[in-house]
file target-v4.txt (compact mmCIF, C-alpha atoms)
# COMPACT_ATOMS: atom_id res chain seq x y z
CA MET A 8 12.39 -7.57 -18.65
CA GLN A 9 8.80 -6.42 -19.14
CA TYR A 10 6.02 -6.88 -16.61
CA THR A 11 2.84 -8.19 -18.24
CA PRO A 12 0.31 -9.40 -15.67
CA PRO A 13 -2.92 -11.25 -16.51
CA TRP A 14 -5.91 -9.02 -17.25
CA TRP A 15 -7.43 -9.34 -13.79
CA LEU A 16 -4.27 -7.92 -12.20
CA ARG A 17 -4.23 -4.81 -14.38
CA ASN A 18 -5.52 -2.54 -11.65
CA GLY A 19 -3.38 -0.49 -9.30
CA HIS A 20 -5.60 -0.96 -6.25
CA VAL A 21 -5.81 -4.73 -6.75
CA GLN A 22 -2.02 -4.93 -7.07
CA SER A 23 -1.54 -2.79 -3.95
CA ILE A 24 -4.03 -4.55 -1.68
CA ILE A 25 -4.11 -8.25 -2.62
CA PRO A 26 -0.43 -9.06 -1.87
CA SER A 27 -0.61 -7.27 1.48
CA LEU A 28 -3.68 -9.22 2.54
CA PHE A 29 -3.16 -12.65 1.03
CA ARG A 30 0.46 -13.35 0.14
CA LYS A 31 2.09 -15.76 2.58
CA VAL A 32 5.85 -16.34 2.82
CA ASP A 33 7.15 -18.52 5.65
CA GLY A 34 9.77 -16.52 7.55
CA GLN A 35 11.23 -19.36 9.60
CA PHE A 36 14.37 -19.35 7.45
CA VAL A 37 15.60 -16.13 9.10
CA GLU A 38 17.35 -15.42 12.40
CA ARG A 39 16.94 -12.18 14.35
CA VAL A 40 19.90 -10.07 15.41
CA ARG A 41 19.77 -6.84 17.40
CA LEU A 42 22.21 -4.01 16.73
CA ASP A 43 22.81 -1.35 19.35
CA THR A 44 22.99 2.14 17.89
CA PRO A 45 25.39 4.94 18.87
CA ASP A 46 22.52 6.92 20.44
CA ASP A 47 21.64 4.12 22.91
CA ASP A 48 18.81 2.70 20.82
CA PHE A 49 18.55 -0.48 18.75
CA ILE A 50 17.79 -1.85 15.28
CA ASP A 51 16.45 -5.38 14.70
CA LEU A 52 17.61 -7.35 11.67
CA ASP A 53 16.26 -10.56 10.14
CA ILE A 54 19.09 -12.48 8.50
CA ALA A 55 19.20 -15.42 6.09
CA ARG A 56 22.63 -16.96 5.65
CA LYS A 57 24.00 -19.68 3.38
CA GLY A 58 27.66 -18.73 3.55
CA ASN A 59 27.61 -16.58 0.41
CA LYS A 60 30.14 -13.78 -0.01
CA ARG A 61 27.55 -11.30 -1.22
CA VAL A 62 24.45 -10.04 0.56
CA LEU A 63 21.18 -8.24 -0.18
CA ILE A 64 20.10 -5.55 2.27
CA VAL A 65 16.32 -5.14 2.07
CA THR A 66 14.56 -2.03 3.42
CA HIS A 67 10.80 -2.10 4.02
CA GLY A 68 8.21 0.64 3.57
CA LEU A 69 6.28 3.01 5.81
CA GLU A 70 4.91 1.21 8.90
CA GLY A 71 6.06 -2.11 7.42
CA ASN A 72 8.59 -4.52 8.85
CA SER A 73 11.12 -7.15 7.87
CA GLN A 74 8.50 -9.92 8.02
CA ARG A 75 6.29 -8.45 5.33
CA PRO A 76 5.86 -10.87 2.40
CA TYR A 77 7.60 -8.53 -0.05
CA CYS A 78 10.71 -8.53 2.18
CA LEU A 79 10.70 -12.28 2.80
CA GLY A 80 10.02 -12.96 -0.87
CA MET A 81 12.98 -10.84 -1.90
CA MET A 82 15.19 -12.56 0.67
CA LYS A 83 14.19 -16.01 -0.58
CA ALA A 84 14.82 -14.97 -4.17
CA GLY A 85 18.29 -13.77 -3.17
CA LEU A 86 19.12 -17.02 -1.40
CA SER A 87 18.17 -18.97 -4.53
CA GLN A 88 20.75 -16.99 -6.53
CA ASP A 89 23.74 -17.10 -4.18
CA TRP A 90 23.05 -14.00 -2.11
CA ASP A 91 22.68 -14.01 1.64
CA ALA A 92 19.99 -11.57 2.73
CA VAL A 93 19.25 -9.10 5.53
CA ALA A 94 15.96 -7.28 6.04
CA TRP A 95 16.13 -4.62 8.73
CA ASN A 96 13.43 -2.89 10.72
CA PHE A 97 12.93 0.82 11.20
CA ARG A 98 12.88 1.77 14.86
CA SER A 99 9.60 0.65 16.51
CA CYS A 100 8.71 -1.53 13.51
CA SER A 101 10.10 -4.86 14.75
CA GLY A 102 7.34 -5.49 17.28
CA GLU A 103 8.95 -3.58 20.15
CA PRO A 104 9.01 0.19 20.71
CA ASN A 105 12.43 1.79 20.44
CA ARG A 106 13.95 3.60 23.41
CA LYS A 107 13.70 7.17 22.11
CA LEU A 108 10.76 9.53 21.78
CA ALA A 109 11.30 9.71 18.01
CA SER A 110 11.22 6.46 16.05
CA TYR A 111 12.08 6.97 12.36
CA HIS A 112 11.25 9.18 9.43
CA SER A 113 11.47 9.02 5.65
CA GLY A 114 14.74 10.93 5.40
CA GLN A 115 16.77 9.22 8.12
CA THR A 116 19.62 7.18 6.59
CA ARG A 117 21.98 6.64 9.55
CA ASP A 118 20.41 3.31 10.45
CA LEU A 119 20.76 1.98 6.90
CA GLU A 120 24.39 3.05 7.00
CA GLN A 121 24.88 1.10 10.24
CA VAL A 122 23.32 -2.03 8.69
CA ILE A 123 25.69 -1.74 5.72
CA ASN A 124 28.64 -1.39 8.08
CA TRP A 125 27.45 -4.45 9.96
CA ALA A 126 27.40 -6.42 6.69
CA LEU A 127 30.96 -5.32 5.95
CA ALA A 128 32.03 -6.50 9.39
CA GLN A 129 30.57 -9.93 8.58
CA GLY A 130 33.02 -10.22 5.68
CA TYR A 131 30.69 -9.72 2.74
CA VAL A 132 32.61 -8.53 -0.31
CA GLN A 133 29.59 -7.43 -2.37
CA ILE A 134 26.43 -5.70 -1.15
CA GLY A 135 23.24 -5.09 -3.12
CA LEU A 136 20.51 -2.77 -1.85
CA VAL A 137 16.76 -3.25 -2.33
CA GLY A 138 14.26 -0.69 -1.02
CA PHE A 139 10.47 -0.54 -1.11
CA SER A 140 8.41 2.66 -0.94
CA ILE A 141 9.82 4.81 1.89
CA GLY A 142 12.59 2.24 2.23
CA GLY A 143 13.41 3.01 -1.38
CA ASN A 144 13.44 6.72 -0.56
CA LYS A 145 15.92 6.07 2.25
CA THR A 146 18.06 3.95 -0.08
CA LEU A 147 18.19 6.65 -2.76
CA LEU A 148 18.96 9.34 -0.19
CA TYR A 149 21.79 7.24 1.21
CA LEU A 150 23.28 6.83 -2.26
CA GLY A 151 22.93 10.47 -3.32
CA ARG A 152 23.47 12.59 -0.24
CA ASP A 153 26.71 14.45 0.30
CA GLY A 154 28.88 13.56 3.27
CA ILE A 155 28.12 9.82 3.38
CA ASP A 156 31.06 7.44 3.14
CA ARG A 157 29.77 4.72 0.81
CA PRO A 158 31.88 1.53 0.78
CA GLU A 159 33.40 -0.03 -2.32
CA ALA A 160 31.55 -3.27 -1.59
CA LEU A 161 28.27 -1.73 -2.79
CA VAL A 162 27.55 -3.00 -6.31
CA GLY A 163 24.06 -1.70 -7.09
CA ALA A 164 20.59 -0.80 -5.86
CA VAL A 165 16.99 -1.46 -6.91
CA THR A 166 14.05 0.49 -5.50
CA PHE A 167 10.32 -0.05 -6.02
CA SER A 168 7.25 2.17 -5.65
CA VAL A 169 9.16 5.14 -4.27
CA PRO A 170 7.47 8.50 -3.49
CA VAL A 171 10.62 10.42 -4.36
CA ASP A 172 8.61 13.64 -3.98
CA LEU A 173 7.11 13.34 -0.50
CA ARG A 174 5.05 16.52 -0.67
CA SER A 175 3.06 15.60 -3.77
CA SER A 176 2.57 12.02 -2.62
CA ALA A 177 1.34 13.16 0.81
CA HIS A 178 -1.28 15.44 -0.76
CA HIS A 179 -2.25 12.72 -3.25
CA LEU A 180 -2.93 10.20 -0.48
CA ALA A 181 -5.21 12.74 1.22
CA LYS A 182 -7.70 12.41 -1.66
CA ARG A 183 -10.97 10.60 -1.02
CA ARG A 184 -10.18 7.73 -3.38
CA ASN A 185 -7.08 6.88 -1.36
CA ARG A 186 -8.78 7.02 2.04
CA ILE A 187 -8.31 3.29 2.68
CA TYR A 188 -4.51 3.66 2.55
CA MET A 189 -4.44 6.84 4.60
CA GLN A 190 -6.64 5.32 7.31
CA ASN A 191 -4.44 2.24 7.51
CA PHE A 192 -1.35 4.39 8.13
CA LEU A 193 -3.14 6.56 10.68
CA ASN A 194 -4.31 3.52 12.64
CA SER A 195 -0.73 2.33 12.90
CA PHE A 196 0.53 5.80 13.84
CA ARG A 197 -2.06 6.10 16.62
CA GLU A 198 -1.17 2.73 18.10
CA LYS A 199 2.51 3.59 18.23
CA LEU A 200 1.89 7.03 19.69
CA GLU A 201 -0.09 5.40 22.47
CA GLN A 202 2.92 3.20 23.22
CA LYS A 203 5.19 6.25 23.20
CA SER A 204 2.87 8.06 25.57
CA GLU A 205 3.28 5.25 28.10
CA LEU A 206 7.05 5.35 27.77
CA PHE A 207 7.29 9.16 27.77
CA PRO A 208 4.43 10.51 29.92
CA GLY A 209 3.37 14.03 29.08
CA GLN A 210 5.47 14.24 25.88
CA VAL A 211 2.93 12.93 23.34
CA ASP A 212 -0.32 14.74 22.52
CA LEU A 213 -2.81 11.88 22.23
CA GLU A 214 -5.79 14.20 21.90
CA ARG A 215 -4.56 15.79 18.68
CA ILE A 216 -3.99 12.47 16.93
CA LYS A 217 -7.74 11.82 17.17
CA THR A 218 -8.33 14.73 14.77
CA VAL A 219 -5.52 13.95 12.29
CA ARG A 220 -6.77 12.85 8.86
CA THR A 221 -3.82 13.46 6.50
CA PHE A 222 -0.06 13.19 6.25
CA LEU A 223 0.09 16.98 6.28
CA GLU A 224 -1.52 17.08 9.71
CA TYR A 225 0.45 14.14 11.06
CA ASP A 226 3.81 15.35 9.81
CA GLU A 227 3.11 18.91 10.93
CA HIS A 228 2.22 17.97 14.50
CA TYR A 229 4.32 14.83 15.08
CA THR A 230 6.98 13.88 12.52
CA ALA A 231 8.45 17.36 12.09
CA PRO A 232 8.70 18.51 15.73
CA MET A 233 9.81 15.10 16.99
CA ASN A 234 12.68 15.01 14.49
CA GLY A 235 13.93 18.59 14.45
CA PHE A 236 12.12 19.92 11.37
CA GLU A 237 10.41 23.30 11.31
CA SER A 238 7.26 22.05 9.60
CA ALA A 239 5.83 19.31 7.41
CA GLU A 240 6.95 21.25 4.34
CA HIS A 241 10.49 21.49 5.71
CA TYR A 242 10.50 17.76 6.47
CA TRP A 243 9.26 16.82 3.01
CA ARG A 244 11.74 19.12 1.30
CA GLU A 245 14.75 17.81 3.22
CA SER A 246 13.71 14.15 3.03
CA SER A 247 12.66 13.71 -0.60
CA SER A 248 15.15 11.64 -2.58
CA LYS A 249 14.24 13.40 -5.83
CA THR A 250 16.68 16.15 -4.87
CA VAL A 251 19.72 13.82 -4.88
CA LEU A 252 19.10 11.49 -7.82
CA GLU A 253 21.53 13.29 -10.10
CA GLN A 254 24.33 12.75 -7.56
CA ILE A 255 24.04 8.95 -7.36
CA GLN A 256 27.22 7.26 -8.55
CA LEU A 257 26.25 3.59 -8.11
CA PRO A 258 24.22 1.59 -10.68
CA THR A 259 20.68 2.23 -9.46
CA LEU A 260 17.27 1.24 -10.76
CA LEU A 261 13.99 2.89 -9.73
CA ILE A 262 10.79 1.05 -10.71
CA ASN A 263 7.53 2.97 -10.27
CA ALA A 264 4.35 1.55 -11.78
CA GLN A 265 2.19 3.96 -13.73
CA ASP A 266 -0.91 2.75 -11.87
CA ASP A 267 0.58 3.16 -8.37
CA PRO A 268 -2.14 4.87 -6.30
CA PHE A 269 0.48 6.43 -3.99
CA LEU A 270 2.44 8.27 -6.66
CA THR A 271 2.09 11.51 -8.63
CA PRO A 272 3.76 12.67 -11.87
CA GLU A 273 6.46 14.30 -9.70
CA CYS A 274 7.50 10.80 -8.59
CA PHE A 275 8.58 9.81 -12.12
CA PRO A 276 11.76 11.89 -12.42
CA GLU A 277 13.68 12.52 -15.62
CA THR A 278 17.34 11.68 -14.92
CA ALA A 279 18.95 11.50 -18.35
CA VAL A 280 21.91 13.51 -17.03
CA ASN A 281 22.94 10.65 -14.72
CA PRO A 282 24.15 7.49 -16.50
CA CYS A 283 24.18 5.59 -13.18
CA PHE A 284 20.45 6.07 -12.61
CA ARG A 285 17.68 4.32 -14.52
CA LEU A 286 13.91 4.75 -14.22
CA GLU A 287 11.51 2.02 -15.36
CA THR A 288 7.76 2.68 -15.40
CA PRO A 289 5.73 -0.49 -16.02
CA ARG A 290 2.13 0.19 -16.96
CA TYR A 291 0.93 -2.05 -14.14
CA GLY A 292 2.14 -3.10 -10.70
CA GLY A 293 0.39 -0.88 -8.16
CA HIS A 294 2.22 -0.01 -4.95
CA VAL A 295 4.71 -2.75 -3.99
CA GLY A 296 2.67 -5.22 -6.04
CA PHE A 297 4.04 -6.70 -9.27
CA MET A 298 2.35 -10.05 -8.72
CA SER A 299 3.27 -13.02 -10.87
CA LEU A 300 1.75 -16.46 -11.26
CA ASN A 301 4.56 -19.02 -11.50
CA ARG A 302 5.63 -22.28 -9.90
CA GLU A 303 8.32 -20.59 -7.83
CA ARG A 304 5.72 -18.18 -6.36
CA ARG A 305 8.23 -15.45 -7.14
CA TYR A 306 6.94 -11.96 -7.90
CA TRP A 307 8.16 -10.05 -10.94
CA SER A 308 9.77 -7.48 -8.65
CA GLU A 309 12.01 -10.19 -7.20
CA SER A 310 13.06 -11.50 -10.60
CA ARG A 311 13.74 -7.98 -11.89
CA ALA A 312 15.74 -6.96 -8.83
CA LEU A 313 17.93 -10.07 -8.94
CA ALA A 314 18.51 -9.75 -12.68
CA PHE A 315 19.72 -6.18 -12.22
CA LEU A 316 21.86 -6.85 -9.15
CA ASN A 317 23.37 -10.00 -10.63
CA SER A 318 24.46 -7.98 -13.66
CA CYS A 319 25.98 -5.36 -11.34
CA SER A 320 27.74 -8.06 -9.34
CA ASN A 321 29.10 -9.80 -12.44
CA ALA A 322 30.34 -6.50 -13.87
CA ARG A 323 32.13 -5.72 -10.62
CA THR A 324 33.73 -9.18 -10.57
CA ARG A 325 34.94 -8.87 -14.19
CA HIS A 326 36.54 -5.49 -13.54
CA GLY A 327 38.06 -6.45 -10.20

call {"tool": "encode", "arguments": {"input": "target-v4.txt", "output": "structure tokens"}}
result
Amino acid sequence: MQYTPPWWLRNGHVQSIIPSLFRKVDGQFVERVRLDTPDDDFIDLDIARKGNKRVLIVTHGLEGNSQRPYCLGMMKAGLSQDWDAVAWNFRSCSGEPNRKLASYHSGQTRDLEQVINWALAQGYVQIGLVGFSIGGNKTLLYLGRDGIDRPEALVGAVTFSVPVDLRSSAHHLAKRRNRIYMQNFLNSFREKLEQKSELFPGQVDLERIKTVRTFLEYDEHYTAPMNGFESAEHYWRESSSKTVLEQIQLPTLLINAQDDPFLTPECFPETAVNPCFRLETPRYGGHVGFMSLNRERRYWSESRALAFLNSCSNARTRHG
């Protein structure tokens, strides 16, 4: 299934920015559920149910949330093809700060595991995973890391626009031409650190954040120490899904557009040694873009993800 956008969408920045600013998907079809976590925190889920026996679990990107159009669009696409759908929020991304000093990071997979276990407890017999950007990184880490008990109900996974090599992507986003993206992330980081400072007086350095300009600086001074890493380099090394791709044993598709302004050549991994893993690199699509013009208002990413996961689901059904 090739992605061939009209000529005016053949630009990575247009694909990355326009959907974020202008796509509208009504989210009133979802209900919110809060899960308590074992460490006395919480995760908020948005759920769309039609009584199906299979479910999509959708994971958003860095500083996103379950109400982003790409999440709601994927959920709606799933509902139209006999999947229930769940989009979950990283800690502090659902509109309310979480209860701990640390919120989330790109390599934390315990919360995704808890959402999957919740879906199993609801009686779903098949689970498909969809992850965007950092949510895709978490999904791939969950599937490839040692020591994770992955249930038989999982049938497949599709990930989009994933910086599987965090180090190279972080340095790439520090370049002048990507300043608009970097500044957007930093604005969100600053706002959340201000909230944390109110909840944990004296434990957040609000003066330093005023000088931070790159992921290197932010991860070095905040992400790493708040989450038990020695440095930004240590955090990137331990949290990059590129290191576990060869170990994935579930049918998995990674789709990274060649014009994605967030990604570097290191984020297009060769994985011929793993028959379960497939990389697709459309020429166009930007970062979490893949816009399409059709009556259903469905993006190509949604059609591609459902085609892949439906084939995984059907194969699992045929073979018991």

call {"tool": "residues_around", "arguments": {"input": "target-v4.txt", "residues": "stretch 185-193 of chain A", "least_positions_apart": "5", "cutoff": "12 Å", "atoms": "only C-alpha atoms", "output": "PDB file with C-alpha atoms, in the frame of the given file"}}
result
ATOM      1  CA  GLY A  19      -3.380  -0.490  -9.300  1.00  0.00           C
ATOM      2  CA  HIS A  20      -5.600  -0.960  -6.250  1.00  0.00           C
ATOM      3  CA  SER A  23      -1.540  -2.790  -3.950  1.00  0.00           C
ATOM      4  CA  ILE A  24      -4.030  -4.550  -1.680  1.00  0.00           C
ATOM      5  CA  SER A  27      -0.610  -7.270   1.480  1.00  0.00           C
ATOM      6  CA  GLY A  68       8.210   0.640   3.570  1.00  0.00           C
ATOM      7  CA  LEU A  69       6.280   3.010   5.810  1.00  0.00           C
ATOM      8  CA  GLU A  70       4.910   1.210   8.900  1.00  0.00           C
ATOM      9  CA  GLY A  71       6.060  -2.110   7.420  1.00  0.00           C
ATOM     10  CA  SER A 176       2.570  12.020  -2.620  1.00  0.00           C
ATOM     11  CA  ALA A 177       1.340  13.160   0.810  1.00  0.00           C
ATOM     12  CA  HIS A 178      -1.280  15.440  -0.760  1.00  0.00           C
ATOM     13  CA  HIS A 179      -2.250  12.720  -3.250  1.00  0.00           C
ATOM     14  CA  LEU A 180      -2.930  10.200  -0.480  1.00  0.00           C
ATOM     15  CA  GLU A 198      -1.170   2.730  18.100  1.00  0.00           C
ATOM     16  CA  LYS A 199       2.510   3.590  18.230  1.00  0.00           C
ATOM     17  CA  LEU A 200       1.890   7.030  19.690  1.00  0.00           C
ATOM     18  CA  ILE A 216      -3.990  12.470  16.930  1.00  0.00           C
ATOM     19  CA  LYS A 217      -7.740  11.820  17.170  1.00  0.00           C
ATOM     20  CA  THR A 218      -8.330  14.730  14.770  1.00  0.00           C
ATOM     21  CA  VAL A 219      -5.520  13.950  12.290  1.00  0.00           C
ATOM     22  CA  ARG A 220      -6.770  12.850   8.860  1.00  0.00           C
ATOM     23  CA  THR A 221      -3.820  13.460   6.500  1.00  0.00           C
ATOM     24  CA  PHE A 222      -0.060  13.190   6.250  1.00  0.00           C
ATOM     25  CA  LEU A 223       0.090  16.980   6.280  1.00  0.00           C
ATOM     26  CA  GLU A 224      -1.520  17.080   9.710  1.00  0.00           C
ATOM     27  CA  TYR A 225       0.450  14.140  11.060  1.00  0.00           C
ATOM     28  CA  ASP A 226       3.810  15.350   9.810  1.00  0.00           C
ATOM     29  CA  TYR A 229       4.320  14.830  15.080  1.00  0.00           C
ATOM     30  CA  ASP A 267       0.580   3.160  -8.370  1.00  0.00           C
ATOM     31  CA  PRO A 268      -2.140   4.870  -6.300  1.00  0.00           C
ATOM     32  CA  PHE A 269       0.480   6.430  -3.990  1.00  0.00           C
ATOM     33  CA  LEU A 270       2.440   8.270  -6.660  1.00  0.00           C
ATOM     34  CA  HIS A 294       2.220  -0.010  -4.950  1.00  0.00           C
TER      35      HIS A 294
END

call {"tool": "closest_residue", "arguments": {"input": "target-v4.txt", "among": "A:Leu147, A:Ala94, A:Ile64, A:Ile54", "to": "A:Ser247", "atoms": "only C-alpha atoms"}}
result
A:Leu147

call {"tool": "atom_distance", "arguments": {"input": "target-v4.txt", "atom1": "atom CA of A:Met81", "atom2": "atom CA of A:Ala312"}}
result
8.4 Å

call {"tool": "axis_aligned_box", "arguments": {"input": "target-v4.txt", "around": "stretch 178-194 of chain A", "padding_each_side": "5 Å", "output": "JSON"}}
result
{"center_x": -6.1, "center_y": 8.8, "center_z": 4.6, "size_x": 19.7, "size_y": 23.2, "size_z": 26.0}

call {"tool": "residues_around", "arguments": {"input": "target-v4.txt", "residues": "A:Leu63", "least_positions_apart": "3", "cutoff": "12 Å", "atoms": "only C-alpha atoms", "output": "ChimeraX atom specification"}}
result
/A:53-56,59-60,66,78-79,81-95,122-123,126-127,131-138,160-165,309,312-313,316-317,320

call {"tool": "closest_residue", "arguments": {"input": "target-v4.txt", "among": "A:His228, A:Arg323, A:Arg174, A:Arg157", "to": "A:Glu120", "atoms": "all atoms listed in the file"}}
result
A:Arg157

call {"tool": "atom_distance", "arguments": {"input": "target-v4.txt", "atom1": "atom CA of A:Asn301", "atom2": "atom CA of A:Trp14"}}
result
15.6 Å

call {"tool": "atom_distance", "arguments": {"input": "target-v4.txt", "atom1": "atom CA of A:Phe315", "atom2": "atom CA of A:Tyr10"}}
result
14.4 Å

call {"tool": "closest_residue", "arguments": {"input": "target-v4.txt", "among": "A:Pro26, A:Leu52, A:Arg197, A:Pro104", "to": "A:Arg305", "atoms": "only C-alpha atoms"}}
result
A:Pro26

call {"tool": "build_atoms", "arguments": {"input": "target-v4.txt", "residues": "stretch 288-317 of chain A", "atoms": "N, CA and C atoms", "output": "JSON list (two decimals), in the coordinates of the input"}}
result
[["chain", "number", "residue", "atom", "x", "y", "z"],
["A", 288, "THR", "N", 9.14, 2.36, -15.78],
["A", 288, "THR", "CA", 7.76, 2.68, -15.40],
["A", 288, "THR", "C", 6.79, 1.68, -16.04],
["A", 289, "PRO", "N", 6.70, 0.47, -15.49],
["A", 289, "PRO", "CA", 5.73, -0.49, -16.02],
["A", 289, "PRO", "C", 4.32, 0.08, -15.97],
["A", 290, "ARG", "N", 3.51, -0.32, -16.91],
["A", 290, "ARG", "CA", 2.13, 0.19, -16.96],
["A", 290, "ARG", "C", 1.34, -0.27, -15.74],
["A", 291, "TYR", "N", 1.66, -1.48, -15.26],
["A", 291, "TYR", "CA", 0.93, -2.05, -14.14],
["A", 291, "TYR", "C", 1.89, -2.41, -13.00],
["A", 292, "GLY", "N", 1.32, -2.68, -11.84],
["A", 292, "GLY", "CA", 2.14, -3.10, -10.70],
["A", 292, "GLY", "C", 1.65, -2.55, -9.37],
["A", 293, "GLY", "N", 0.88, -1.45, -9.40],
["A", 293, "GLY", "CA", 0.39, -0.88, -8.16],
["A", 293, "GLY", "C", 1.51, -0.43, -7.24],
["A", 294, "HIS", "N", 1.22, -0.41, -5.95],
["A", 294, "HIS", "CA", 2.22, -0.01, -4.95],
["A", 294, "HIS", "C", 2.75, -1.26, -4.26],
["A", 295, "VAL", "N", 4.03, -1.56, -4.52],
["A", 295, "VAL", "CA", 4.71, -2.75, -3.99],
["A", 295, "VAL", "C", 3.88, -3.99, -4.32],
["A", 296, "GLY", "N", 3.43, -4.07, -5.57],
["A", 296, "GLY", "CA", 2.67, -5.22, -6.04],
["A", 296, "GLY", "C", 3.51, -6.10, -6.94],
["A", 297, "PHE", "N", 3.29, -5.96, -8.27],
["A", 297, "PHE", "CA", 4.04, -6.70, -9.27],
["A", 297, "PHE", "C", 3.88, -8.21, -9.10],
["A", 298, "MET", "N", 2.63, -8.63, -8.90],
["A", 298, "MET", "CA", 2.35, -10.05, -8.72],
["A", 298, "MET", "C", 2.63, -10.85, -9.98],
["A", 299, "SER", "N", 3.06, -12.08, -9.77],
["A", 299, "SER", "CA", 3.27, -13.02, -10.87],
["A", 299, "SER", "C", 2.69, -14.37, -10.49],
["A", 300, "LEU", "N", 2.27, -15.12, -11.48],
["A", 300, "LEU", "CA", 1.75, -16.46, -11.26],
["A", 300, "LEU", "C", 2.74, -17.45, -11.85],
["A", 301, "ASN", "N", 3.57, -18.06, -11.03],
["A", 301, "ASN", "CA", 4.56, -19.02, -11.50],
["A", 301, "ASN", "C", 4.78, -20.09, -10.44],
["A", 302, "ARG", "N", 5.43, -21.16, -10.82],
["A", 302, "ARG", "CA", 5.63, -22.28, -9.90],
["A", 302, "ARG", "C", 6.48, -21.89, -8.71],
["A", 303, "GLU", "N", 7.43, -20.99, -8.92],
["A", 303, "GLU", "CA", 8.32, -20.59, -7.83],
["A", 303, "GLU", "C", 7.65, -19.63, -6.85],
["A", 304, "ARG", "N", 6.43, -19.16, -7.18],
["A", 304, "ARG", "CA", 5.72, -18.18, -6.36],
["A", 304, "ARG", "C", 6.56, -16.90, -6.19],
["A", 305, "ARG", "N", 7.37, -16.63, -7.18],
["A", 305, "ARG", "CA", 8.23, -15.45, -7.14],
["A", 305, "ARG", "C", 7.54, -14.31, -7.88],
["A", 306, "TYR", "N", 7.53, -13.12, -7.26],
["A", 306, "TYR", "CA", 6.94, -11.96, -7.90],
["A", 306, "TYR", "C", 7.91, -11.39, -8.94],
["A", 307, "TRP", "N", 7.34, -10.67, -9.90],
["A", 307, "TRP", "CA", 8.16, -10.05, -10.94],
["A", 307, "TRP", "C", 9.20, -9.12, -10.34],
["A", 308, "SER", "N", 8.84, -8.41, -9.29],
["A", 308, "SER", "CA", 9.77, -7.48, -8.65],
["A", 308, "SER", "C", 11.03, -8.20, -8.17],
["A", 309, "GLU", "N", 10.86, -9.42, -7.68],
["A", 309, "GLU", "CA", 12.01, -10.19, -7.20],
["A", 309, "GLU", "C", 12.91, -10.63, -8.36],
["A", 310, "SER", "N", 12.28, -11.10, -9.43],
["A", 310, "SER", "CA", 13.06, -11.50, -10.60],
["A", 310, "SER", "C", 13.79, -10.32, -11.22],
["A", 311, "ARG", "N", 13.12, -9.16, -11.28],
["A", 311, "ARG", "CA", 13.74, -7.98, -11.89],
["A", 311, "ARG", "C", 14.89, -7.48, -11.03],
["A", 312, "ALA", "N", 14.69, -7.44, -9.72],
["A", 312, "ALA", "CA", 15.74, -6.96, -8.83],
["A", 312, "ALA", "C", 16.98, -7.85, -8.92],
["A", 313, "LEU", "N", 16.78, -9.16, -8.90],
["A", 313, "LEU", "CA", 17.93, -10.07, -8.94],
["A", 313, "LEU", "C", 18.62, -10.02, -10.29],
["A", 314, "ALA", "N", 17.87, -9.86, -11.37],
["A", 314, "ALA", "CA", 18.51, -9.75, -12.68],
["A", 314, "ALA", "C", 19.42, -8.53, -12.73],
["A", 315, "PHE", "N", 18.92, -7.41, -12.20],
["A", 315, "PHE", "CA", 19.72, -6.18, -12.22],
["A", 315, "PHE", "C", 20.94, -6.30, -11.31],
["A", 316, "LEU", "N", 20.75, -6.78, -10.10],
["A", 316, "LEU", "CA", 21.86, -6.85, -9.15],
["A", 316, "LEU", "C", 22.87, -7.91, -9.54],
["A", 317, "ASN", "N", 22.41, -9.01, -10.14],
["A", 317, "ASN", "CA", 23.37, -10.00, -10.63],
["A", 317, "ASN", "C", 24.25, -9.42, -11.73]]
